[in-house]
There are 2 protein chains.
Amino acid sequence: MLYFIGLGLYDEQDISLKGWEALKTSNKVYAEFYTSHLFGTNLSTLEKILDIKVEILSREQVEEDELPLKEAKKTNVAFLCAGDPLIATTHTDIMIQAKKRGIPTQVIHSSSIISAAPGISGLQPYKFGKVTTIPFPEDNYFPHSPYHLIKNNLEYQAHTLVLLDIQAHAQRYMTVHEGLDYLLQVEDILKEDIITENTLAIGLARVGSSKPFIRADKVKNLLKEDFGGPLHSIIIPSQLHIVEAEYLVTVLGAPEELLK
Amino acid sequence: MLYFIGLGLYDEQDISLKGWEALKTSNKVYAEFYTSHLFGTNLSTLEKILDIKVEILSREQVEEDELPLKEAKKTNVAFLCAGDPLIATTHTDIMIQAKKRGIPTQVIHSSSIISAAPGISGLQPYKFGKVTTIPFPEDNYFPHSPYHLIKNNLEYQAHTLVLLDIQAHAQRYMTVHEGLDYLLQVEDILKEDIITENTLAIGLARVGSSKPFIRADKVKNLLKEDFGGPLHSIIIPSQLHIVEAEYLVTVLGAPEELLK
């Protein structure tokens, strides 16, 4: 049996009881932290609290050596990842290979930024359009696609969840400030009046922790806020329902003019 | 302190360790099951496994009497719901009221159909557009809006997660067959060639359980499948990436012609 087990959003306590039970019956526990990462814990705490021994795999060990599959035909193997499993292509590909080899599988879900960010921002989850990710820019690499996607969502009256680049190997995690700066730079080039200093946005930090920091305000004001440590993400809201607006003002500190 | 605690997708073991710890420190535990419901358990099992006493609240007790708020200023109160908290307006409204009264709050996230359905269907979550819900039709009530939303998403090359109506008070839970029939009836009226018998769709049942039933196939073939008990949902995929197509064929039984 191959278990795909989500560790959830933030620390070693975000796994479900079901996931924990499955770990107890697993003879081998692998984890990958290259697609995402738990910021509220470390390997030794994870191992101690869950009473397991974890082997962390590199992308090559997962995708080329297929280590999660190797022993799963004979024994119970758990494959852990941050968030909800099967969100990354590297996981769906392992599921495909497991089916081809006749290995039984079970997916044990957990919390994910995909549903947590809309919820904790007080925005109706069904009003979100496609998700985008802002990459770290490089020489000759500064895609405008996140800006275009936000524009398309706004035309379609959809909120946008903007994920921010994770370069786990380099311990680089894009901040709310860097993400907003990126969008303002694209605005400077395209001048389509999509993301300006006066655009309402939401900055989110450490969702899933006991002290997440989430603020709704104009971009220029969010750039003055200290969001603290990773992970960060951004939401660009579209038209607000009155209850959404009231949440942003009352809970997330947005300007009262939103309610007028 | 008022804890908003998600029970997750299916049964009493889908709560996180963090949620369980918070329950242990709570002097009063409320739950609402009118916006959703855990199908893999019942109240006595939930109370026994989690070692708590739960008071289930009606919509009136939550929204008018504001019972979750009443004692939270003085003591630790937990407010449980199925899935991830703050997905329903009834929860965000309680959060707004808690802030107004200066009651400290903490949200403990859990698994949600919003991220689990895309993941377990092998579809890239960031390619999903807005979510729609098909309601039970009534006399003079047969909205075409779910059909229009799917059409808009397809034009925008976005997959659509289609939730199906829950009338918990009447123990009515819409099935994949009923949902597809609904869309075919709208097609019969509008004839825009969006949902026909030959459209590829995914039917999902009991996501989060140890035996979810998930099939990808033409609508006419899904109508012959026995999806078993609730909850059900539907996905209408847009254009597929090759890995998505391979997952649908290999894992979810879709016709091999998808790969051609």
# chains A, B, ... in the order shown; residues from 1 in each chain; ligands from 1
>>> interface_residues(of="chain A", to="chain B", cutoff="6 Å", atoms="only C-alpha atoms", output="number ranges by chain")
A: 13-18, 86-87, 92, 96, 109-111, 114-115, 119, 122, 126-131, 247
>>> write_last_selection(atoms="C-alpha atoms", output="short mmCIF file (atom, residue, chain, number, x, y, z; two decimals), in the first residue's frame")
data_model
loop_
_atom_site.label_atom_id
_atom_site.label_comp_id
_atom_site.auth_asym_id
_atom_site.auth_seq_id
_atom_site.Cartn_x
_atom_site.Cartn_y
_atom_site.Cartn_z
CA GLN A 13 0.26 19.16 14.14
CA ASP A 14 -1.54 19.89 10.88
CA ILE A 15 -1.67 16.23 9.83
CA SER A 16 -5.07 14.56 10.36
CA LEU A 17 -5.67 11.79 12.89
CA LYS A 18 -6.26 9.56 9.84
CA LEU A 86 -1.58 15.49 -5.43
CA ILE A 87 -1.45 19.24 -5.84
CA THR A 92 0.12 12.77 -9.67
CA ILE A 96 -0.09 7.06 -12.31
CA HIS A 109 -6.08 14.82 2.56
CA SER A 110 -5.08 17.81 4.65
CA SER A 111 -5.38 21.57 4.79
CA ILE A 114 -6.07 26.68 -1.95
CA SER A 115 -9.00 26.59 0.48
CA GLY A 119 -11.57 31.19 3.96
CA GLY A 122 -13.41 36.14 4.47
CA TYR A 126 -16.52 29.88 -5.13
CA LYS A 127 -15.78 33.38 -6.42
CA PHE A 128 -12.08 32.64 -7.02
CA GLY A 129 -10.82 32.24 -10.56
CA LYS A 130 -7.60 30.58 -11.69
CA VAL A 131 -4.62 30.68 -9.32
CA TYR A 247 -14.89 41.11 6.97
#
>>> calpha_fit_and_write(fixed="chain A", moving="chain B", output="compact mmCIF listing (two decimals) with C-alpha atoms, in the first residue's frame")
# COMPACT_ATOMS: atom_id res chain seq x y z
CA MET B 1 0.01 0.01 -0.02
CA LEU B 2 1.21 3.51 -0.87
CA TYR B 3 -0.26 6.27 1.28
CA PHE B 4 -0.13 9.84 -0.03
CA ILE B 5 -0.41 11.83 3.20
CA GLY B 6 -0.81 15.59 3.43
CA LEU B 7 0.97 17.29 6.32
CA GLY B 8 -1.18 20.39 5.97
CA LEU B 9 -0.29 24.04 6.15
CA TYR B 10 2.21 24.88 8.81
CA ASP B 11 3.62 22.50 11.42
CA GLU B 12 3.75 18.91 12.65
CA GLN B 13 0.26 19.17 14.15
CA ASP B 14 -1.54 19.90 10.87
CA ILE B 15 -1.67 16.25 9.82
CA SER B 16 -5.06 14.58 10.36
CA LEU B 17 -5.67 11.80 12.89
CA LYS B 18 -6.26 9.57 9.85
CA GLY B 19 -2.86 10.47 8.45
CA TRP B 20 -1.22 9.83 11.79
CA GLU B 21 -2.90 6.40 12.06
CA ALA B 22 -1.66 5.49 8.58
CA LEU B 23 1.89 6.48 9.57
CA LYS B 24 1.72 4.05 12.49
CA THR B 25 1.05 1.18 10.07
CA SER B 26 3.76 2.25 7.60
CA ASN B 27 7.09 0.45 7.52
CA LYS B 28 8.78 3.17 5.52
CA VAL B 29 8.06 6.90 5.59
CA TYR B 30 9.32 9.21 2.83
CA ALA B 31 8.75 12.95 2.50
CA GLU B 32 9.41 15.50 -0.19
CA PHE B 33 9.83 19.16 0.67
CA TYR B 34 10.93 20.48 -2.72
CA THR B 35 7.43 21.45 -3.92
CA SER B 36 6.54 23.03 -0.58
CA HIS B 37 7.70 23.08 2.99
CA LEU B 38 6.40 23.23 6.57
CA PHE B 39 7.73 26.42 8.14
CA GLY B 40 6.46 25.84 11.66
CA THR B 41 8.55 22.74 12.33
CA ASN B 42 11.70 20.86 11.44
CA LEU B 43 12.50 17.25 10.70
CA SER B 44 13.49 16.25 14.23
CA THR B 45 10.33 17.76 15.76
CA LEU B 46 8.21 16.11 13.09
CA GLU B 47 9.84 12.74 13.80
CA LYS B 48 9.58 13.15 17.56
CA ILE B 49 5.96 14.31 17.75
CA LEU B 50 4.70 11.78 15.21
CA ASP B 51 7.03 9.05 16.52
CA ILE B 52 8.35 8.11 13.09
CA LYS B 53 11.61 8.05 11.15
CA VAL B 54 11.37 10.07 7.93
CA GLU B 55 13.61 9.90 4.88
CA ILE B 56 13.52 13.14 2.91
CA LEU B 57 13.73 12.63 -0.85
CA SER B 58 15.14 14.92 -3.52
CA ARG B 59 13.27 15.52 -6.77
CA GLU B 60 15.60 13.07 -8.51
CA GLN B 61 14.95 10.36 -5.92
CA VAL B 62 11.18 10.79 -6.39
CA GLU B 63 10.94 11.30 -10.14
CA GLU B 64 13.84 9.24 -11.49
CA ASP B 65 14.60 6.63 -8.84
CA GLU B 66 10.87 6.37 -7.92
CA LEU B 67 11.74 5.52 -4.32
CA PRO B 68 8.17 5.90 -2.96
CA LEU B 69 7.10 3.12 -5.35
CA LYS B 70 9.93 0.66 -4.87
CA GLU B 71 8.82 -0.97 -1.63
CA ALA B 72 5.09 -0.18 -1.81
CA LYS B 73 4.20 -3.40 -3.60
CA LYS B 74 5.37 -5.49 -0.63
CA THR B 75 4.82 -3.28 2.39
CA ASN B 76 3.07 -0.13 3.64
CA VAL B 77 4.88 3.00 2.48
CA ALA B 78 3.87 6.56 3.38
CA PHE B 79 4.77 9.47 1.12
CA LEU B 80 4.43 12.78 2.96
CA CYS B 81 4.19 16.26 1.53
CA ALA B 82 3.26 19.71 2.80
CA GLY B 83 -0.33 20.82 2.19
CA ASP B 84 -2.82 18.52 0.45
CA PRO B 85 -1.35 15.68 -1.64
CA LEU B 86 -1.59 15.49 -5.43
CA ILE B 87 -1.45 19.25 -5.85
CA ALA B 88 1.95 18.97 -7.54
CA THR B 89 2.50 17.12 -10.82
CA THR B 90 5.32 15.17 -9.19
CA HIS B 91 2.70 13.46 -6.96
CA THR B 92 0.12 12.78 -9.67
CA ASP B 93 2.85 11.15 -11.72
CA ILE B 94 3.66 8.76 -8.86
CA MET B 95 -0.04 7.90 -8.60
CA ILE B 96 -0.09 7.06 -12.33
CA GLN B 97 2.97 4.81 -11.93
CA ALA B 98 1.45 3.12 -8.85
CA LYS B 99 -1.72 2.26 -10.81
CA LYS B 100 0.33 0.90 -13.72
CA ARG B 101 2.14 -1.43 -11.32
CA GLY B 102 -0.99 -2.53 -9.47
CA ILE B 103 0.07 -0.95 -6.17
CA PRO B 104 -2.93 -0.13 -3.93
CA THR B 105 -3.03 3.53 -2.91
CA GLN B 106 -4.85 5.75 -0.45
CA VAL B 107 -4.87 9.55 -0.38
CA ILE B 108 -5.18 11.20 3.03
CA HIS B 109 -6.08 14.82 2.56
CA SER B 110 -5.09 17.80 4.64
CA SER B 111 -5.38 21.58 4.79
CA SER B 112 -4.20 23.53 1.76
CA ILE B 113 -3.60 27.18 0.93
CA ILE B 114 -6.08 26.69 -1.95
CA SER B 115 -9.00 26.59 0.47
CA ALA B 116 -7.45 28.16 3.60
CA ALA B 117 -6.48 31.49 2.00
CA PRO B 118 -9.97 32.28 0.68
CA GLY B 119 -11.57 31.19 3.97
CA ILE B 120 -9.36 33.12 6.34
CA SER B 121 -9.63 36.20 4.13
CA GLY B 122 -13.42 36.14 4.47
CA LEU B 123 -13.88 35.83 0.71
CA GLN B 124 -16.35 33.42 -0.83
CA PRO B 125 -14.26 30.51 -2.17
CA TYR B 126 -16.53 29.89 -5.13
CA LYS B 127 -15.78 33.39 -6.42
CA PHE B 128 -12.08 32.65 -7.02
CA GLY B 129 -10.82 32.26 -10.57
CA LYS B 130 -7.61 30.58 -11.68
CA VAL B 131 -4.63 30.68 -9.32
CA THR B 132 -1.34 32.22 -10.41
CA THR B 133 2.23 32.08 -9.08
CA ILE B 134 4.72 34.94 -9.26
CA PRO B 135 8.22 33.62 -10.00
CA PHE B 136 11.51 35.12 -8.87
CA PRO B 137 12.60 37.24 -11.86
CA GLU B 138 15.88 36.42 -13.55
CA ASP B 139 17.90 37.86 -16.42
CA ASN B 140 15.62 37.68 -19.46
CA TYR B 141 12.88 36.10 -17.35
CA PHE B 142 10.15 38.42 -16.14
CA PRO B 143 6.84 36.94 -17.29
CA HIS B 144 3.78 39.17 -17.37
CA SER B 145 1.43 36.20 -17.11
CA PRO B 146 0.46 36.71 -13.42
CA TYR B 147 -0.66 40.26 -14.27
CA HIS B 148 -2.65 39.06 -17.28
CA LEU B 149 -4.30 36.32 -15.24
CA ILE B 150 -5.39 38.83 -12.57
CA LYS B 151 -6.76 41.06 -15.33
CA ASN B 152 -8.72 38.17 -16.85
CA ASN B 153 -10.09 37.18 -13.44
CA LEU B 154 -11.19 40.77 -12.72
CA GLU B 155 -13.01 40.96 -16.07
CA TYR B 156 -14.77 37.79 -15.04
CA GLN B 157 -15.49 39.19 -11.54
CA ALA B 158 -13.30 36.56 -9.93
CA HIS B 159 -10.91 36.99 -6.98
CA THR B 160 -7.31 35.86 -7.58
CA LEU B 161 -5.12 33.86 -5.22
CA VAL B 162 -1.51 34.75 -6.02
CA LEU B 163 1.03 32.23 -4.78
CA LEU B 164 4.62 33.36 -4.39
CA ASP B 165 7.70 31.55 -5.61
CA ILE B 166 9.41 28.95 -3.43
CA GLN B 167 13.02 28.08 -4.21
CA ALA B 168 13.44 25.60 -1.38
CA HIS B 169 16.95 24.53 -2.48
CA ALA B 170 18.12 28.14 -2.07
CA GLN B 171 15.88 28.86 0.95
CA ARG B 172 14.29 31.74 -0.97
CA TYR B 173 10.63 32.40 -0.31
CA MET B 174 9.04 35.38 -2.04
CA THR B 175 7.46 37.95 0.29
CA VAL B 176 4.23 39.92 -0.05
CA HIS B 177 6.36 43.03 -0.70
CA GLU B 178 8.33 41.34 -3.49
CA GLY B 179 5.14 39.99 -5.06
CA LEU B 180 3.40 43.39 -5.03
CA ASP B 181 6.56 45.08 -6.37
CA TYR B 182 6.61 42.58 -9.22
CA LEU B 183 3.01 43.40 -10.15
CA LEU B 184 3.67 47.16 -9.92
CA GLN B 185 6.65 46.75 -12.25
CA VAL B 186 4.47 44.98 -14.81
CA GLU B 187 1.90 47.78 -14.40
CA ASP B 188 4.67 50.30 -15.15
CA ILE B 189 5.33 48.52 -18.44
CA LEU B 190 1.78 47.69 -19.54
CA LYS B 191 -0.11 50.60 -17.94
CA GLU B 192 -3.49 48.85 -17.98
CA ASP B 193 -4.48 50.14 -14.55
CA ILE B 194 -4.85 46.66 -13.04
CA ILE B 195 -2.46 46.85 -10.07
CA THR B 196 -1.63 50.34 -8.85
CA GLU B 197 -0.59 51.72 -5.47
CA ASN B 198 -4.27 52.29 -4.73
CA THR B 199 -5.49 48.79 -5.63
CA LEU B 200 -7.05 46.85 -2.76
CA ALA B 201 -5.07 43.69 -1.99
CA ILE B 202 -4.70 41.17 0.80
CA GLY B 203 -1.33 40.04 2.12
CA LEU B 204 -1.19 36.72 3.98
CA ALA B 205 1.63 35.28 6.07
CA ARG B 206 1.92 31.98 7.95
CA VAL B 207 -1.63 30.75 7.26
CA GLY B 208 -2.26 27.70 9.44
CA SER B 209 -0.13 28.92 12.33
CA SER B 210 -1.61 30.15 15.62
CA LYS B 211 -0.58 33.69 14.65
CA PRO B 212 -1.16 34.23 10.95
CA PHE B 213 -0.74 37.84 9.80
CA ILE B 214 -3.33 38.89 7.26
CA ARG B 215 -4.01 42.45 6.17
CA ALA B 216 -6.31 43.97 3.57
CA ASP B 217 -5.37 47.45 2.36
CA LYS B 218 -4.24 49.51 -0.59
CA VAL B 219 -1.03 48.18 -2.14
CA LYS B 220 0.95 51.23 -0.99
CA ASN B 221 -0.04 50.57 2.62
CA LEU B 222 0.64 46.83 2.46
CA LEU B 223 4.16 47.71 1.31
CA LYS B 224 4.68 49.42 4.71
CA GLU B 225 3.45 46.44 6.77
CA ASP B 226 5.88 43.96 8.32
CA PHE B 227 4.53 40.53 7.37
CA GLY B 228 7.26 38.59 9.17
CA GLY B 229 8.50 35.13 8.17
CA PRO B 230 7.33 32.84 5.34
CA LEU B 231 5.19 31.55 3.68
CA HIS B 232 3.48 34.55 2.15
CA SER B 233 0.74 34.85 -0.43
CA ILE B 234 -1.46 37.57 -1.92
CA ILE B 235 -5.10 37.86 -2.88
CA ILE B 236 -6.36 40.43 -5.40
CA PRO B 237 -10.08 40.73 -4.72
CA SER B 238 -12.64 41.43 -7.40
CA GLN B 239 -16.00 43.04 -6.63
CA LEU B 240 -16.92 42.45 -3.00
CA HIS B 241 -20.16 41.21 -1.53
CA ILE B 242 -21.18 43.31 1.48
CA VAL B 243 -20.26 40.55 3.97
CA GLU B 244 -16.87 40.16 2.30
CA ALA B 245 -16.29 43.92 2.55
CA GLU B 246 -17.34 43.96 6.20
CA TYR B 247 -14.90 41.11 6.97
CA LEU B 248 -12.03 42.93 5.22
CA VAL B 249 -12.71 46.09 7.21
CA THR B 250 -13.49 44.52 10.60
CA VAL B 251 -11.13 41.56 10.67
CA LEU B 252 -8.33 42.47 8.24
CA GLY B 253 -7.99 46.23 8.81
CA ALA B 254 -9.10 47.43 5.37
CA PRO B 255 -10.08 51.13 5.02
CA GLU B 256 -13.67 51.86 6.12
CA GLU B 257 -14.37 53.51 2.74
CA LEU B 258 -14.89 49.95 1.42
CA LEU B 259 -18.25 49.93 3.18
CA LYS B 260 -19.49 53.12 1.53
>>> select_by_dssp(residues="segment 7-162 of chain B", states="alpha helix (DSSP H)", output="VMD selection string")
chain B and resid 17 to 24 43 to 50 59 to 63 67 to 70 89 to 100 113 to 120 145 to 155
>>> write_last_selection(atoms="C-alpha atoms", output="mmCIF file, in the first residue's frame")
data_model
loop_
_atom_site.group_PDB
_atom_site.id
_atom_site.type_symbol
_atom_site.label_atom_id
_atom_site.label_comp_id
_atom_site.auth_asym_id
_atom_site.auth_seq_id
_atom_site.Cartn_x
_atom_site.Cartn_y
_atom_site.Cartn_z
ATOM 1 C CA LEU B 17 -3.857 16.964 15.650
ATOM 2 C CA LYS B 18 -3.905 20.747 16.205
ATOM 3 C CA GLY B 19 -7.696 20.769 16.114
ATOM 4 C CA TRP B 20 -7.846 17.845 18.506
ATOM 5 C CA GLU B 21 -5.474 19.586 20.942
ATOM 6 C CA ALA B 22 -7.639 22.720 20.853
ATOM 7 C CA LEU B 23 -10.720 20.622 21.641
ATOM 8 C CA LYS B 24 -8.994 19.291 24.756
ATOM 9 C CA LEU B 43 -22.342 12.276 16.622
ATOM 10 C CA SER B 44 -21.767 9.501 19.157
ATOM 11 C CA THR B 45 -18.687 8.185 17.314
ATOM 12 C CA LEU B 46 -17.342 11.713 16.972
ATOM 13 C CA GLU B 47 -17.819 12.317 20.702
ATOM 14 C CA LYS B 48 -16.345 8.959 21.668
ATOM 15 C CA ILE B 49 -13.239 9.056 19.456
ATOM 16 C CA LEU B 50 -12.438 12.699 20.224
ATOM 17 C CA ARG B 59 -28.866 27.858 11.813
ATOM 18 C CA GLU B 60 -31.059 29.980 14.092
ATOM 19 C CA GLN B 61 -28.948 29.177 17.151
ATOM 20 C CA VAL B 62 -25.793 30.212 15.264
ATOM 21 C CA GLU B 63 -27.021 33.235 13.332
ATOM 22 C CA LEU B 67 -24.399 30.778 20.747
ATOM 23 C CA PRO B 68 -20.754 30.234 19.666
ATOM 24 C CA LEU B 69 -20.017 33.809 20.763
ATOM 25 C CA LYS B 70 -21.872 33.929 24.060
ATOM 26 C CA THR B 89 -20.886 32.967 5.095
ATOM 27 C CA THR B 90 -22.434 31.855 8.383
ATOM 28 C CA HIS B 91 -18.888 31.325 9.744
ATOM 29 C CA THR B 92 -17.349 34.532 8.393
ATOM 30 C CA ASP B 93 -20.199 36.449 9.985
ATOM 31 C CA ILE B 94 -19.389 34.938 13.393
ATOM 32 C CA MET B 95 -15.746 35.937 12.914
ATOM 33 C CA ILE B 96 -16.845 39.526 12.216
ATOM 34 C CA GLN B 97 -18.982 39.563 15.376
ATOM 35 C CA ALA B 98 -16.136 38.061 17.446
ATOM 36 C CA LYS B 99 -13.762 40.836 16.320
ATOM 37 C CA LYS B 100 -16.349 43.509 17.119
ATOM 38 C CA ILE B 113 -13.392 19.554 -1.272
ATOM 39 C CA ILE B 114 -12.058 22.798 -2.810
ATOM 40 C CA SER B 115 -8.517 21.415 -2.863
ATOM 41 C CA ALA B 116 -9.164 17.663 -2.481
ATOM 42 C CA ALA B 117 -11.353 17.258 -5.583
ATOM 43 C CA PRO B 118 -8.828 18.795 -7.993
ATOM 44 C CA GLY B 119 -5.963 16.844 -6.398
ATOM 45 C CA ILE B 120 -7.549 13.419 -6.367
ATOM 46 C CA SER B 145 -26.370 29.670 -13.977
ATOM 47 C CA PRO B 146 -24.287 26.481 -13.376
ATOM 48 C CA TYR B 147 -24.356 25.802 -17.128
ATOM 49 C CA HIS B 148 -23.358 29.380 -17.939
ATOM 50 C CA LEU B 149 -20.530 29.271 -15.412
ATOM 51 C CA ILE B 150 -19.149 26.057 -16.950
ATOM 52 C CA LYS B 151 -19.380 27.680 -20.384
ATOM 53 C CA ASN B 152 -17.491 30.762 -19.177
ATOM 54 C CA ASN B 153 -14.826 28.616 -17.536
ATOM 55 C CA LEU B 154 -14.362 26.560 -20.727
ATOM 56 C CA GLU B 155 -13.946 29.741 -22.798
#
>>> select_by_dssp(residues="segment 6-231 of chain A", states="strand (DSSP E)", output="MDAnalysis selection string")
chainID A and resid 6 28:32 54:57 77:81 105:108 132:134 160:164 166:167 172:173 200:205 213:218
